[in-house]
Amino acid sequence: MSPVRRIIDLIAPPRMGVPFRWNLASTWVGNIGDGIALAAGPLLVASQTRNPTLIAAAAIVQRLPNLVIGLYAGALADRVDRRRLVVIANVLRALVIAGLAATIVTGRVSIWAVLTALLLVGVAEQFADSGTRAVIPMIVPKADLGIASARSMAGYLVANELLGPPIGAFLFAVGMVLPFGAQGAAVLLGAWLFTRIELPARLEAPTQQHIGHDIVEGLRWIRHNRAIRTLSLVIFVFNLTWGAPWGILVLWAQDRLGVDAVGFGLLSTAVGIGGVLAVLGYDRLERRVSLATLMKACLTLEVLLHLALAFTTHLVVALILMFVFGCYAFVWGSVSNAVRMRATPDAFQGRVGSVYFFGMTTGLLVGQFLGGLIATKWGVAAPFWFAFVGAGVTLALVWRQLDHIAHTEA
């Protein structure tokens with residue numbers, strides 16, 4: 001067997017099927033494009049304005065679609081052909097990127113053109129992501145959903161976080177339009193790869209009822225499903241408590257650790273390295289430890305991490321803690337996604353997934369806002385104490401339910 005084939009078999013074991021390999025290839029390629037934009041986007045914004053409000057608006061418009069149309073996109077993914085939804089959304093996303101590139105080439109680019117493009121790309125991405133999430137349980141056996149989620153996260157970490165940004169920054173330095181051309185090409189290639197996936201037949205939802213009814217139906221299903229309801233609340237609260245200190249992390253690093261920009265970058269690198277090691281070794285971990293134990297361990301480490309960082313004043317200690325965070329955070333992501341997908345019927349995968357990610361985004365935004373207020377009044381270490389108490393109380397309340405949640409199936 002060739003080395004390349006061995007690597008492919010290691011990343012996507014043959015038992016998981018050819019459709020999953022096409023899905024993974026599409027996801028990884030798309031993440032490279034997103035990673036390139038992760039660096040090039042802010043650089044383009046900064047080249048058009050030095051107004052802090054407009055620069056902040058660029059970050060807001062990228063999160064706004066999840067809050068405004070996320071639930072609608074999830075309901076649509078349960079109603080239409082999911083493969084077609086993903087492909088069309090990504091083609092439209094590529095067209096918007098091409099339009100932005102055209103304004104750069106012709107010299108007509110402006111901050112308003114950039115903000116409009118970011119918003120439209122974010123809208124298209126919501127539909128693409130909703131369809132992609134809902135497809136995975138259709139093509140992967142339930143026993144392998146955790147591994148599938150881990151491998152997808154590996155692509156996010158390697159392509160989006162580690163490789164894409166430096167490539168994007170380099171291309172932007174060579175020519176302002178180049179990173180957006182590369183991003184558009186990656187999105188189109190990812191869309192083509194997704195067309196190669198053969199999905200099993202499924203009953204599509206009746207289209208005569210208003211899609212608002214579908215959204216309400218999905219929310220009602222979550223309310224009456226104890227496992228998913230509790231998991232959704234845990235996701236919201238833990239992202240809220242996590243967002244509080246992470247929203248002011250740069251200030252904490254400067255004031256408590258005394259680091260410069262390079263030192264702060266090392267903190268993110270430590271998270272990425274821990275995450276990559278965790279997701280690549282996830283299948284071995286899942287074979288040896290039950291899902292319930294993994295969930296309890298990850299959430300306990302989250303509580304203890306907040307406490308440790310509240311006391312930390314040394315960079316080396318902080319780097320070790322960030323590495324640990326990367327390890328358990330991405331194990332938690334793999335486990336929680338697997339548990340959610342196993343417990344959700346196919347007809348509700350889009351809607352439940354959208355509620356899950358809506359809760360994540362809302363929790364982060366609310367947490368970041370609270371973190372800023374808390375740090376202003378009590379100092380940069382205070383948000384970590386807030387996170388420690390909030391996450392700790394929540395974990396104590398749901399501890400016994402985690403055994404039930406981990407083994408619930410549709």
# chains A, B, ... in the order shown; residues from 1 in each chain; ligands from 1

$ residues_around --residues "range 327-331 of chain A" --least-positions-apart "2" --cutoff "6 Å" --atoms "only C-alpha atoms" --output "short mmCIF file (atom, residue, chain, number, x, y, z; two decimals) with N, CA, C and O atoms, in the first residue's frame"
data_model
loop_
_atom_site.label_atom_id
_atom_site.label_comp_id
_atom_site.auth_asym_id
_atom_site.auth_seq_id
_atom_site.Cartn_x
_atom_site.Cartn_y
_atom_site.Cartn_z
N GLY A 274 -2.73 21.47 20.43
CA GLY A 274 -3.48 20.55 21.28
C GLY A 274 -4.70 19.99 20.57
O GLY A 274 -5.00 18.79 20.67
N GLY A 275 -5.39 20.85 19.82
CA GLY A 275 -6.58 20.41 19.10
C GLY A 275 -6.26 19.40 18.02
O GLY A 275 -6.97 18.39 17.86
N ALA A 278 -5.49 16.05 19.52
CA ALA A 278 -6.69 15.44 20.09
C ALA A 278 -7.59 14.82 19.04
O ALA A 278 -8.03 13.67 19.17
N CYS A 298 -14.33 16.41 29.89
CA CYS A 298 -14.12 17.66 29.15
C CYS A 298 -14.73 18.86 29.87
O CYS A 298 -14.11 19.92 29.99
N VAL A 324 -3.71 22.23 26.83
CA VAL A 324 -4.72 21.34 27.42
C VAL A 324 -6.11 21.73 26.95
O VAL A 324 -6.94 20.87 26.61
N PHE A 325 -6.36 23.04 26.89
CA PHE A 325 -7.66 23.52 26.40
C PHE A 325 -7.91 23.02 24.98
O PHE A 325 -9.00 22.55 24.66
N GLY A 333 -16.02 18.90 21.32
CA GLY A 333 -16.74 19.19 20.09
C GLY A 333 -17.10 17.93 19.33
O GLY A 333 -18.23 17.79 18.83
N SER A 334 -16.17 16.99 19.26
CA SER A 334 -16.43 15.73 18.56
C SER A 334 -17.50 14.91 19.27
O SER A 334 -18.42 14.37 18.64
#

$ closest_atom_pairs --of "range 278-328 of chain A" --to "range 267-273 of chain A" --cutoff "6 Å" --atoms "only C-alpha atoms" --output "Markdown table"
| residue | atom | partner | partner_atom | distance |
| --- | --- | --- | --- | --- |
| A:Leu319 | CA | A:Leu267 | CA | 5.7 |
| A:Met322 | CA | A:Val271 | CA | 5.1 |
| A:Phe323 | CA | A:Ala270 | CA | 4.7 |
| A:Gly326 | CA | A:Val271 | CA | 4.2 |

$ write_last_selection --atoms "N, CA, C and O atoms" --output "compact mmCIF listing (two decimals), in the first residue's frame"
# COMPACT_ATOMS: atom_id res chain seq x y z
N LEU A 319 0.74 28.74 28.38
CA LEU A 319 0.87 27.94 27.15
C LEU A 319 0.49 26.50 27.41
O LEU A 319 -0.19 25.86 26.58
N MET A 322 -3.27 26.37 27.69
CA MET A 322 -3.90 26.53 26.39
C MET A 322 -3.78 25.25 25.56
O MET A 322 -4.70 24.90 24.81
N PHE A 323 -2.66 24.56 25.68
CA PHE A 323 -2.50 23.28 25.00
C PHE A 323 -3.55 22.29 25.51
O PHE A 323 -4.20 21.58 24.73
N GLY A 326 -6.90 23.15 24.11
CA GLY A 326 -7.06 22.67 22.74
C GLY A 326 -7.40 21.19 22.69
O GLY A 326 -8.23 20.76 21.89

$ closest_residue --among "A:Phe180, A:Trp252, A:Tyr282, A:Trp399" --to "Ala318 in chain A" --atoms "only C-alpha atoms"
A:Trp252

$ closest_atom_pairs --of "range 243-275 of chain A" --to "range 222-238 of chain A" --cutoff "12 Å" --atoms "only C-alpha atoms" --output "CSV"
residue,atom,partner,partner_atom,distance
A:Gly243,CA,A:Phe238,CA,8.3
A:Ala244,CA,A:Phe238,CA,10.1
A:Pro245,CA,A:Phe238,CA,11.8

$ atom_distance --atom1 "CA of Gly281 in chain A" --atom2 "CA of Ala410 in chain A"
27.1 Å

$ closest_residue --among "A:Ala46, A:Val80, A:Leu240, A:Ala40" --to "Leu365 in chain A" --atoms "only C-alpha atoms"
A:Leu240

$ atom_distance --atom1 "CA of Ser152 in chain A" --atom2 "CA of Ala185 in chain A"
20.1 Å

$ closest_residue --among "A:Ala253, A:Val187, A:Val135, A:Val158" --to "Ala381 in chain A" --atoms "only C-alpha atoms"
A:Ala253
